[in-house]
Amino acid sequence: MSRPGITEYLRPESLGEAWRSIADGAPTVRLLSGGSDLTISAPPEVTTLVDLRSALDSTVSAKEDGSIRIGAGATLTAILEHQSLVDHAGGVIPEMMVQVGSPLLRNSATIGGHLARGRLSDVVPVLIALDAEVRIHRDGVLTALSLSRYLSEGHNTRPHILTEVLLPALPASSAAAFHRHARTAFDFPILNACCRVDLGPEGVDKVRIVCGATPHLALRAARAEASVMSDGLTPSAIETASRLAGEEVPTGTGWVASAEYRSHLVEVLVARCLTTATERLSR
Amino acid sequence: MRVGLTVNGKSEPLEIEPGDTLLEALRANGHTSVKNGCANGDCGACAVLLDGRAVASCLVFAAQAEGSDITTIDGLAGKDSAYHPLQQTMLDAGGVQCGFCIPAMILTAADLLARNPEPTRDEIGSYLSGNLCRCTGYVKQIDAIEMAAAIMREGGADG
């Protein structure tokens with residue numbers, strides 16, 4: 001719906017110009033990327049929109065070292081369809097992304113806007129499982145930090161411009177899987193999980209077990225990860241790891257699910273993710 | 001403020017307020033085939049093609065469309081034909097009941113077929129997940145899109 005309180009629309013051509021618009025942290029000014037959030041939920045005090053389209057890169061590119069760079073202006077559809085991301089970690093990104101909203105949303109929502117808003121997300125647990133980094137611009141300085149730190153330390157709540165997402169290269173024997181549970185396919189998740197496993201010559205080399213919508217945005221299950229590192233990926237080891245995840249990941253009660261139900265879902269979804277990742281590694 | 005964009009192939013400068021959505025700007029300028037359903041990004045009735053991709057026009061500020069190419073249902077058919085295959089098969093298959101959701105549904109399908117000329121029924125259903133219809137069970141609309149895809153693969157599309 002129209003936002004009559006918005007009286008100014010800026011189109012900065014550079015990050016520096018965009019930064020000057022938001023540097024003082026005035027609550028009346030908001031950065032605009034895809035628009036899918038602000039069109040429906042711009043706070044009433046917002047009077048100025050700063051459209052980042054010209055200032056942000058919106059391309060996805062695979063580097064020679066196997067890492068992948070995603071410009072913050074890239075739409076969720078661009079990420080879903082990019083060939084290098086289709087193949088990354090056994091295809092976990094398109095597996096997850098096709099479940100985010102609808103094509104109508106994914107065609108306009110951008111990854112930068114999605115991450116900066118820092119709310120309920122299927123994308124965040126997957127990117128954290130893939131050890132994603134983000135680059136942020138603040139007062140002329142570009143800083144790289146893990147997505148996990150970006151969100152847990154509240155960088156997204158202070159004036160900044162998220163410029164890109166970096167996915168590090170993965171070993172050839174790496175696979176990940178994503179599962180979510182929601183009331184309907186179109187609805188927000190009641191819980192989601194992503195597990196990634198890298199195999200080395202001696203067995204499991206690295207594992208990430210991340211749960212989201214707990215209702216926390218995303219939390220790693222450290223004891224469950226340690227269990228997989230020591231016991232591997234046999235069915236009984238997966239059962240043990242998923243039980244540990246169910247015990248250690250804190251969950252909360254909301255209007256769609258109780259904490260007890262969410263803890264049960266943690267166990268179920270982590271077991272499914274680990275099983276799927278194991279199947280992908282064996283192909 | 002003034003926004004310069006192209007609607008259905010014609011340059012169309014629009015006078016808008018900075019907080020107007022694309023949905024509001026298009027309807028205010030006579031493009032009433034763009035339906036105002038929920039204005040909240042849920043129903044998909046306001047979908048248009050923005051530079052070839054289907055978007056909910058209620059989730060885009062009009063000012064964001066500066067320099068863009070917008071296609072509404074009125075601009076989908078080619079110059080030489082009365083209807084685009086998706087429009088014709090929607091009629092032939094009985095996919096239209098009240099019709100409110102149909103312009104947006106056809107535009108979303110056009111976006112799909114431009115990238116996937118031979119989608120499965122599941123793929124069609126998945127791509128329509130943001131286009132709600134309260135009259136039908138989607139079966140005839142999916143039939144229609146399958147039929148249109150076949151016609152377009154045989155070269156029957158000029159849209």
# chains A, B, ... in the order shown; residues from 1 in each chain; ligands from 1

call {"tool": "residues_around", "arguments": {"residues": "Pro4 (chain A)", "least_positions_apart": "2", "cutoff": "12 Å", "atoms": "only C-alpha atoms", "output": "PDB file with N, CA and C atoms, in the first residue's frame"}}
result
ATOM      1  N   MET A   1       0.839  -1.188   0.000  1.00  0.00           N
ATOM      2  CA  MET A   1       0.000   0.000   0.000  1.00  0.00           C
ATOM      3  C   MET A   1       0.877   1.241   0.000  1.00  0.00           C
ATOM      4  N   SER A   2       0.342   2.335  -0.459  1.00  0.00           N
ATOM      5  CA  SER A   2       1.127   3.561  -0.517  1.00  0.00           C
ATOM      6  C   SER A   2       1.565   3.971   0.883  1.00  0.00           C
ATOM      7  N   ILE A   6       6.271   8.773   3.222  1.00  0.00           N
ATOM      8  CA  ILE A   6       7.549   8.798   2.503  1.00  0.00           C
ATOM      9  C   ILE A   6       7.514   9.950   1.507  1.00  0.00           C
ATOM     10  N   THR A   7       8.396  10.894   1.735  1.00  0.00           N
ATOM     11  CA  THR A   7       8.353  12.116   0.926  1.00  0.00           C
ATOM     12  C   THR A   7       9.602  12.321   0.090  1.00  0.00           C
ATOM     13  N   GLU A   8      10.591  11.469   0.292  1.00  0.00           N
ATOM     14  CA  GLU A   8      11.844  11.661  -0.429  1.00  0.00           C
ATOM     15  C   GLU A   8      12.364  10.315  -0.915  1.00  0.00           C
ATOM     16  N   THR A  39       7.760  -2.104   1.301  1.00  0.00           N
ATOM     17  CA  THR A  39       6.454  -1.758   0.725  1.00  0.00           C
ATOM     18  C   THR A  39       5.319  -2.130   1.659  1.00  0.00           C
ATOM     19  N   ALA A  42       7.102  -0.686   6.113  1.00  0.00           N
ATOM     20  CA  ALA A  42       7.951   0.465   6.454  1.00  0.00           C
ATOM     21  C   ALA A  42       7.412   1.102   7.731  1.00  0.00           C
ATOM     22  N   PRO A  43       8.263   1.323   8.712  1.00  0.00           N
ATOM     23  CA  PRO A  43       7.788   1.972   9.942  1.00  0.00           C
ATOM     24  C   PRO A  43       7.224   3.360   9.626  1.00  0.00           C
ATOM     25  N   PRO A  44       6.255   3.810  10.408  1.00  0.00           N
ATOM     26  CA  PRO A  44       5.593   5.082  10.091  1.00  0.00           C
ATOM     27  C   PRO A  44       6.521   6.287  10.128  1.00  0.00           C
ATOM     28  N   GLU A  45       7.632   6.183  10.859  1.00  0.00           N
ATOM     29  CA  GLU A  45       8.522   7.341  10.955  1.00  0.00           C
ATOM     30  C   GLU A  45       9.396   7.526   9.722  1.00  0.00           C
ATOM     31  N   VAL A  46       9.412   6.531   8.817  1.00  0.00           N
ATOM     32  CA  VAL A  46      10.297   6.617   7.650  1.00  0.00           C
ATOM     33  C   VAL A  46       9.779   7.654   6.662  1.00  0.00           C
ATOM     34  N   THR A  47      10.642   8.591   6.300  1.00  0.00           N
ATOM     35  CA  THR A  47      10.275   9.627   5.328  1.00  0.00           C
ATOM     36  C   THR A  47      11.133   9.568   4.063  1.00  0.00           C
ATOM     37  N   THR A  48      12.286   8.882   4.145  1.00  0.00           N
ATOM     38  CA  THR A  48      13.229   8.884   3.025  1.00  0.00           C
ATOM     39  C   THR A  48      13.674   7.474   2.689  1.00  0.00           C
TER      40      THR A  48
ATOM     41  N   ILE B  16       4.294  10.321  -9.751  1.00  0.00           N
ATOM     42  CA  ILE B  16       4.001   9.495  -8.572  1.00  0.00           C
ATOM     43  C   ILE B  16       4.433  10.208  -7.294  1.00  0.00           C
ATOM     44  N   GLU B  17       3.973   9.664  -6.173  1.00  0.00           N
ATOM     45  CA  GLU B  17       4.503  10.051  -4.869  1.00  0.00           C
ATOM     46  C   GLU B  17       5.619   9.065  -4.527  1.00  0.00           C
ATOM     47  N   PRO B  18       6.630   9.490  -3.778  1.00  0.00           N
ATOM     48  CA  PRO B  18       7.757   8.593  -3.490  1.00  0.00           C
ATOM     49  C   PRO B  18       7.350   7.285  -2.807  1.00  0.00           C
ATOM     50  N   GLY B  19       6.244   7.298  -2.067  1.00  0.00           N
ATOM     51  CA  GLY B  19       5.829   6.093  -1.350  1.00  0.00           C
ATOM     52  C   GLY B  19       4.852   5.224  -2.107  1.00  0.00           C
ATOM     53  N   ASP B  20       4.530   5.592  -3.353  1.00  0.00           N
ATOM     54  CA  ASP B  20       3.570   4.802  -4.134  1.00  0.00           C
ATOM     55  C   ASP B  20       4.190   3.480  -4.567  1.00  0.00           C
ATOM     56  N   THR B  21       3.377   2.431  -4.559  1.00  0.00           N
ATOM     57  CA  THR B  21       3.835   1.165  -5.123  1.00  0.00           C
ATOM     58  C   THR B  21       3.612   1.177  -6.633  1.00  0.00           C
TER      59      THR B  21
END

call {"tool": "select_by_dssp", "arguments": {"residues": "region 150-258 of chain A", "states": "alpha helix (DSSP H)", "output": "list in words"}}
result
Tyr150, Leu151, Ser152, Ala222, Arg223, Ala224, Glu225, Ala226, Ser227, Val228, Met229, Ser230, Asp231, Pro235, Ser236, Ala237, Ile238, Glu239, Thr240, Ala241, Ser242, Arg243, Leu244, Ala245, Gly246, Glu247 and Glu248 of chain A

call {"tool": "interface_residues", "arguments": {"of": "chain A", "to": "chain B", "cutoff": "8 Å", "atoms": "only C-alpha atoms", "output": "number ranges by chain"}}
result
A: 1-9, 34-37, 39-40, 51, 101-105, 107-108, 186

call {"tool": "write_last_selection", "arguments": {"atoms": "C-alpha atoms", "output": "mmCIF file, in the first residue's frame"}}
result
data_model
loop_
_atom_site.group_PDB
_atom_site.id
_atom_site.type_symbol
_atom_site.label_atom_id
_atom_site.label_comp_id
_atom_site.auth_asym_id
_atom_site.auth_seq_id
_atom_site.Cartn_x
_atom_site.Cartn_y
_atom_site.Cartn_z
ATOM 1 C CA MET A 1 0.000 0.000 0.000
ATOM 2 C CA SER A 2 1.127 3.561 -0.517
ATOM 3 C CA ARG A 3 3.280 5.042 2.197
ATOM 4 C CA PRO A 4 2.193 8.690 2.267
ATOM 5 C CA GLY A 5 4.733 9.475 4.974
ATOM 6 C CA ILE A 6 7.549 8.798 2.503
ATOM 7 C CA THR A 7 8.353 12.116 0.926
ATOM 8 C CA GLU A 8 11.844 11.661 -0.429
ATOM 9 C CA TYR A 9 13.390 9.055 -2.737
ATOM 10 C CA GLY A 34 14.325 -5.233 -3.422
ATOM 11 C CA GLY A 35 11.477 -3.441 -1.696
ATOM 12 C CA SER A 36 9.436 -6.484 -0.683
ATOM 13 C CA ASP A 37 9.812 -5.676 3.004
ATOM 14 C CA THR A 39 6.454 -1.758 0.725
ATOM 15 C CA ILE A 40 4.422 -3.593 3.323
ATOM 16 C CA ASP A 51 17.449 3.072 -3.388
ATOM 17 C CA GLY A 101 8.180 -17.513 -0.717
ATOM 18 C CA SER A 102 6.992 -17.669 -4.309
ATOM 19 C CA PRO A 103 8.605 -16.767 -7.650
ATOM 20 C CA LEU A 104 6.841 -13.395 -7.459
ATOM 21 C CA LEU A 105 8.700 -12.634 -4.245
ATOM 22 C CA ASN A 107 12.066 -12.190 -8.496
ATOM 23 C CA SER A 108 12.237 -8.919 -6.563
ATOM 24 C CA PHE A 186 4.038 -21.012 1.276
#

call {"tool": "residues_around", "arguments": {"residues": "region 88-102 of chain B", "least_positions_apart": "4", "cutoff": "9 Å", "atoms": "only C-alpha atoms", "output": "list of chain:residue names"}}
result
B:Ser33, B:Lys35, B:Gly37, B:Cys43, B:Gly44, B:Ala45, B:Cys46, B:Ala82, B:Tyr83, B:His84, B:Ile106, B:Leu107, B:Asn131, B:Leu132, B:Cys133, B:Arg134, B:Cys135, B:Thr136, B:Tyr138, B:Val139, B:Lys140, B:Gln141, B:Ile142, B:Asp143, B:Ala144, B:Ile145, B:Glu146, B:Met147, B:Ala148

call {"tool": "write_last_selection", "arguments": {"atoms": "N, CA and C atoms", "output": "PDB file, in the first residue's frame"}}
result
ATOM      1  N   SER B  33      -5.953  -3.648 -15.575  1.00  0.00           N
ATOM      2  CA  SER B  33      -5.856  -5.113 -15.634  1.00  0.00           C
ATOM      3  C   SER B  33      -4.910  -5.612 -14.545  1.00  0.00           C
ATOM      4  N   LYS B  35      -4.503  -6.145 -11.050  1.00  0.00           N
ATOM      5  CA  LYS B  35      -5.538  -6.183 -10.014  1.00  0.00           C
ATOM      6  C   LYS B  35      -4.975  -5.911  -8.626  1.00  0.00           C
ATOM      7  N   GLY B  37      -5.431  -6.968  -5.191  1.00  0.00           N
ATOM      8  CA  GLY B  37      -6.033  -8.006  -4.357  1.00  0.00           C
ATOM      9  C   GLY B  37      -5.783  -7.741  -2.890  1.00  0.00           C
ATOM     10  N   CYS B  43      -1.324 -12.529  -2.523  1.00  0.00           N
ATOM     11  CA  CYS B  43      -2.254 -13.151  -3.464  1.00  0.00           C
ATOM     12  C   CYS B  43      -1.741 -13.209  -4.887  1.00  0.00           C
ATOM     13  N   GLY B  44      -0.841 -12.333  -5.276  1.00  0.00           N
ATOM     14  CA  GLY B  44      -0.250 -12.372  -6.610  1.00  0.00           C
ATOM     15  C   GLY B  44      -1.125 -11.801  -7.709  1.00  0.00           C
ATOM     16  N   ALA B  45      -2.295 -11.253  -7.374  1.00  0.00           N
ATOM     17  CA  ALA B  45      -3.193 -10.748  -8.414  1.00  0.00           C
ATOM     18  C   ALA B  45      -2.632  -9.518  -9.129  1.00  0.00           C
ATOM     19  N   CYS B  46      -1.642  -8.888  -8.538  1.00  0.00           N
ATOM     20  CA  CYS B  46      -1.087  -7.657  -9.110  1.00  0.00           C
ATOM     21  C   CYS B  46       0.171  -7.913  -9.941  1.00  0.00           C
ATOM     22  N   ALA B  82      -4.880 -11.983 -31.844  1.00  0.00           N
ATOM     23  CA  ALA B  82      -5.807 -11.451 -30.866  1.00  0.00           C
ATOM     24  C   ALA B  82      -5.373 -11.828 -29.458  1.00  0.00           C
ATOM     25  N   TYR B  83      -4.940 -13.051 -29.304  1.00  0.00           N
ATOM     26  CA  TYR B  83      -4.560 -13.526 -27.983  1.00  0.00           C
ATOM     27  C   TYR B  83      -3.195 -14.201 -28.009  1.00  0.00           C
ATOM     28  N   HIS B  84      -2.492 -14.087 -26.931  1.00  0.00           N
ATOM     29  CA  HIS B  84      -1.293 -14.888 -26.694  1.00  0.00           C
ATOM     30  C   HIS B  84      -1.770 -16.336 -26.465  1.00  0.00           C
ATOM     31  N   ILE B 106      -1.463 -15.551 -15.884  1.00  0.00           N
ATOM     32  CA  ILE B 106      -0.923 -15.704 -17.243  1.00  0.00           C
ATOM     33  C   ILE B 106       0.466 -15.072 -17.344  1.00  0.00           C
ATOM     34  N   LEU B 107       0.638 -13.919 -16.731  1.00  0.00           N
ATOM     35  CA  LEU B 107       1.955 -13.273 -16.791  1.00  0.00           C
ATOM     36  C   LEU B 107       3.010 -14.092 -16.053  1.00  0.00           C
ATOM     37  N   ASN B 131       0.366 -17.196  -6.857  1.00  0.00           N
ATOM     38  CA  ASN B 131      -0.839 -16.688  -7.526  1.00  0.00           C
ATOM     39  C   ASN B 131      -2.047 -17.458  -7.001  1.00  0.00           C
ATOM     40  N   LEU B 132      -2.800 -16.802  -6.139  1.00  0.00           N
ATOM     41  CA  LEU B 132      -3.929 -17.495  -5.524  1.00  0.00           C
ATOM     42  C   LEU B 132      -5.191 -17.328  -6.362  1.00  0.00           C
ATOM     43  N   CYS B 133      -5.964 -18.423  -6.467  1.00  0.00           N
ATOM     44  CA  CYS B 133      -7.269 -18.398  -7.132  1.00  0.00           C
ATOM     45  C   CYS B 133      -8.282 -18.966  -6.161  1.00  0.00           C
ATOM     46  N   ARG B 134      -9.332 -18.211  -5.900  1.00  0.00           N
ATOM     47  CA  ARG B 134     -10.332 -18.678  -4.940  1.00  0.00           C
ATOM     48  C   ARG B 134     -11.488 -19.404  -5.612  1.00  0.00           C
ATOM     49  N   CYS B 135     -11.531 -19.415  -6.964  1.00  0.00           N
ATOM     50  CA  CYS B 135     -12.645 -20.071  -7.653  1.00  0.00           C
ATOM     51  C   CYS B 135     -12.335 -21.526  -7.981  1.00  0.00           C
ATOM     52  N   THR B 136     -11.125 -21.775  -8.437  1.00  0.00           N
ATOM     53  CA  THR B 136     -10.830 -23.071  -9.048  1.00  0.00           C
ATOM     54  C   THR B 136      -9.919 -23.892  -8.156  1.00  0.00           C
ATOM     55  N   TYR B 138      -7.152 -24.995  -9.614  1.00  0.00           N
ATOM     56  CA  TYR B 138      -5.917 -24.819 -10.398  1.00  0.00           C
ATOM     57  C   TYR B 138      -5.749 -25.861 -11.513  1.00  0.00           C
ATOM     58  N   VAL B 139      -6.547 -26.917 -11.506  1.00  0.00           N
ATOM     59  CA  VAL B 139      -6.309 -28.016 -12.458  1.00  0.00           C
ATOM     60  C   VAL B 139      -6.432 -27.516 -13.898  1.00  0.00           C
ATOM     61  N   LYS B 140      -7.507 -26.793 -14.196  1.00  0.00           N
ATOM     62  CA  LYS B 140      -7.708 -26.351 -15.584  1.00  0.00           C
ATOM     63  C   LYS B 140      -6.709 -25.267 -15.978  1.00  0.00           C
ATOM     64  N   GLN B 141      -6.279 -24.503 -15.023  1.00  0.00           N
ATOM     65  CA  GLN B 141      -5.268 -23.486 -15.344  1.00  0.00           C
ATOM     66  C   GLN B 141      -3.925 -24.149 -15.667  1.00  0.00           C
ATOM     67  N   ILE B 142      -3.606 -25.195 -14.927  1.00  0.00           N
ATOM     68  CA  ILE B 142      -2.366 -25.919 -15.233  1.00  0.00           C
ATOM     69  C   ILE B 142      -2.510 -26.629 -16.584  1.00  0.00           C
ATOM     70  N   ASP B 143      -3.707 -27.178 -16.843  1.00  0.00           N
ATOM     71  CA  ASP B 143      -3.963 -27.754 -18.181  1.00  0.00           C
ATOM     72  C   ASP B 143      -3.677 -26.701 -19.256  1.00  0.00           C
ATOM     73  N   ALA B 144      -4.203 -25.512 -19.041  1.00  0.00           N
ATOM     74  CA  ALA B 144      -4.075 -24.441 -20.037  1.00  0.00           C
ATOM     75  C   ALA B 144      -2.609 -24.083 -20.284  1.00  0.00           C
ATOM     76  N   ILE B 145      -1.837 -24.022 -19.219  1.00  0.00           N
ATOM     77  CA  ILE B 145      -0.425 -23.653 -19.371  1.00  0.00           C
ATOM     78  C   ILE B 145       0.339 -24.760 -20.094  1.00  0.00           C
ATOM     79  N   GLU B 146      -0.014 -26.006 -19.806  1.00  0.00           N
ATOM     80  CA  GLU B 146       0.611 -27.124 -20.550  1.00  0.00           C
ATOM     81  C   GLU B 146       0.278 -27.024 -22.037  1.00  0.00           C
ATOM     82  N   MET B 147      -0.983 -26.727 -22.330  1.00  0.00           N
ATOM     83  CA  MET B 147      -1.402 -26.604 -23.734  1.00  0.00           C
ATOM     84  C   MET B 147      -0.674 -25.451 -24.423  1.00  0.00           C
ATOM     85  N   ALA B 148      -0.575 -24.339 -23.725  1.00  0.00           N
ATOM     86  CA  ALA B 148       0.111 -23.180 -24.309  1.00  0.00           C
ATOM     87  C   ALA B 148       1.588 -23.477 -24.540  1.00  0.00           C
TER      88      ALA B 148
END

call {"tool": "residues_around", "arguments": {"residues": "region 244-248 of chain A", "least_positions_apart": "3", "cutoff": "6 Å", "atoms": "only C-alpha atoms", "output": "ChimeraX atom specification"}}
result
/A:221,224,241,263,266-267

call {"tool": "atom_distance", "arguments": {"atom1": "CA of Gly91 (chain A)", "atom2": "CA of Asp198 (chain A)"}}
result
14.3 Å

call {"tool": "select_by_dssp", "arguments": {"residues": "region 108-283 of chain A", "states": "strand (DSSP E)", "output": "ChimeraX atom specification"}}
result
/A:133-138,141-146,161-167,174-182,189-200,203-212,219-220

call {"tool": "write_last_selection", "arguments": {"atoms": "C-alpha atoms", "output": "short mmCIF file (atom, residue, chain, number, x, y, z; two decimals), in the first residue's frame"}}
result
data_model
loop_
_atom_site.label_atom_id
_atom_site.label_comp_id
_atom_site.auth_asym_id
_atom_site.auth_seq_id
_atom_site.Cartn_x
_atom_site.Cartn_y
_atom_site.Cartn_z
CA GLU A 133 31.02 -14.38 4.77
CA VAL A 134 29.55 -10.99 4.14
CA ARG A 135 31.20 -7.70 3.25
CA ILE A 136 29.82 -4.54 4.74
CA HIS A 137 30.51 -0.91 3.96
CA ARG A 138 30.69 1.54 6.82
CA VAL A 141 35.64 1.04 5.01
CA LEU A 142 34.81 -2.42 3.66
CA THR A 143 34.89 -5.15 6.31
CA ALA A 144 34.59 -8.91 5.78
CA LEU A 145 33.11 -11.02 8.53
CA SER A 146 31.23 -14.28 8.85
CA ILE A 161 25.54 -1.31 3.71
CA LEU A 162 25.85 -5.02 2.99
CA THR A 163 27.67 -5.25 -0.32
CA GLU A 164 28.27 -8.92 -1.01
CA VAL A 165 28.11 -12.49 0.20
CA LEU A 166 31.07 -14.81 -0.26
CA LEU A 167 30.81 -18.57 -0.24
CA SER A 174 31.27 -32.09 0.40
CA ALA A 175 27.50 -32.23 0.56
CA ALA A 176 24.77 -30.44 2.41
CA ALA A 177 21.03 -30.84 2.81
CA PHE A 178 18.19 -28.62 3.95
CA HIS A 179 14.82 -29.52 5.41
CA ARG A 180 12.07 -27.33 6.77
CA HIS A 181 8.72 -27.82 8.41
CA ALA A 182 5.89 -25.34 7.95
CA PRO A 189 9.01 -22.21 8.71
CA ILE A 190 8.14 -23.56 12.14
CA LEU A 191 11.65 -24.95 12.10
CA ASN A 192 14.38 -25.52 9.55
CA ALA A 193 17.76 -27.19 9.51
CA CYS A 194 20.79 -27.46 7.29
CA CYS A 195 23.66 -29.90 7.68
CA ARG A 196 26.87 -29.93 5.72
CA VAL A 197 29.52 -32.61 5.80
CA ASP A 198 33.02 -32.54 4.26
CA LEU A 199 34.81 -35.86 3.96
CA GLY A 200 38.58 -36.19 4.15
CA GLY A 203 36.58 -39.70 7.52
CA VAL A 204 34.51 -36.66 8.41
CA ASP A 205 36.69 -33.59 8.05
CA LYS A 206 34.18 -30.87 8.86
CA VAL A 207 30.53 -30.78 9.81
CA ARG A 208 28.03 -28.00 10.27
CA ILE A 209 24.65 -28.53 11.89
CA VAL A 210 22.54 -25.37 11.90
CA CYS A 211 18.93 -24.99 13.01
CA GLY A 212 16.75 -21.98 12.31
CA LEU A 219 22.03 -21.67 15.84
CA ARG A 220 24.79 -24.23 15.43
#

call {"tool": "closest_residue", "arguments": {"among": "A:Ala18, A:Ile70, A:Val268, A:Ala62", "to": "Leu49 (chain A)", "atoms": "only C-alpha atoms"}}
result
A:Ala18
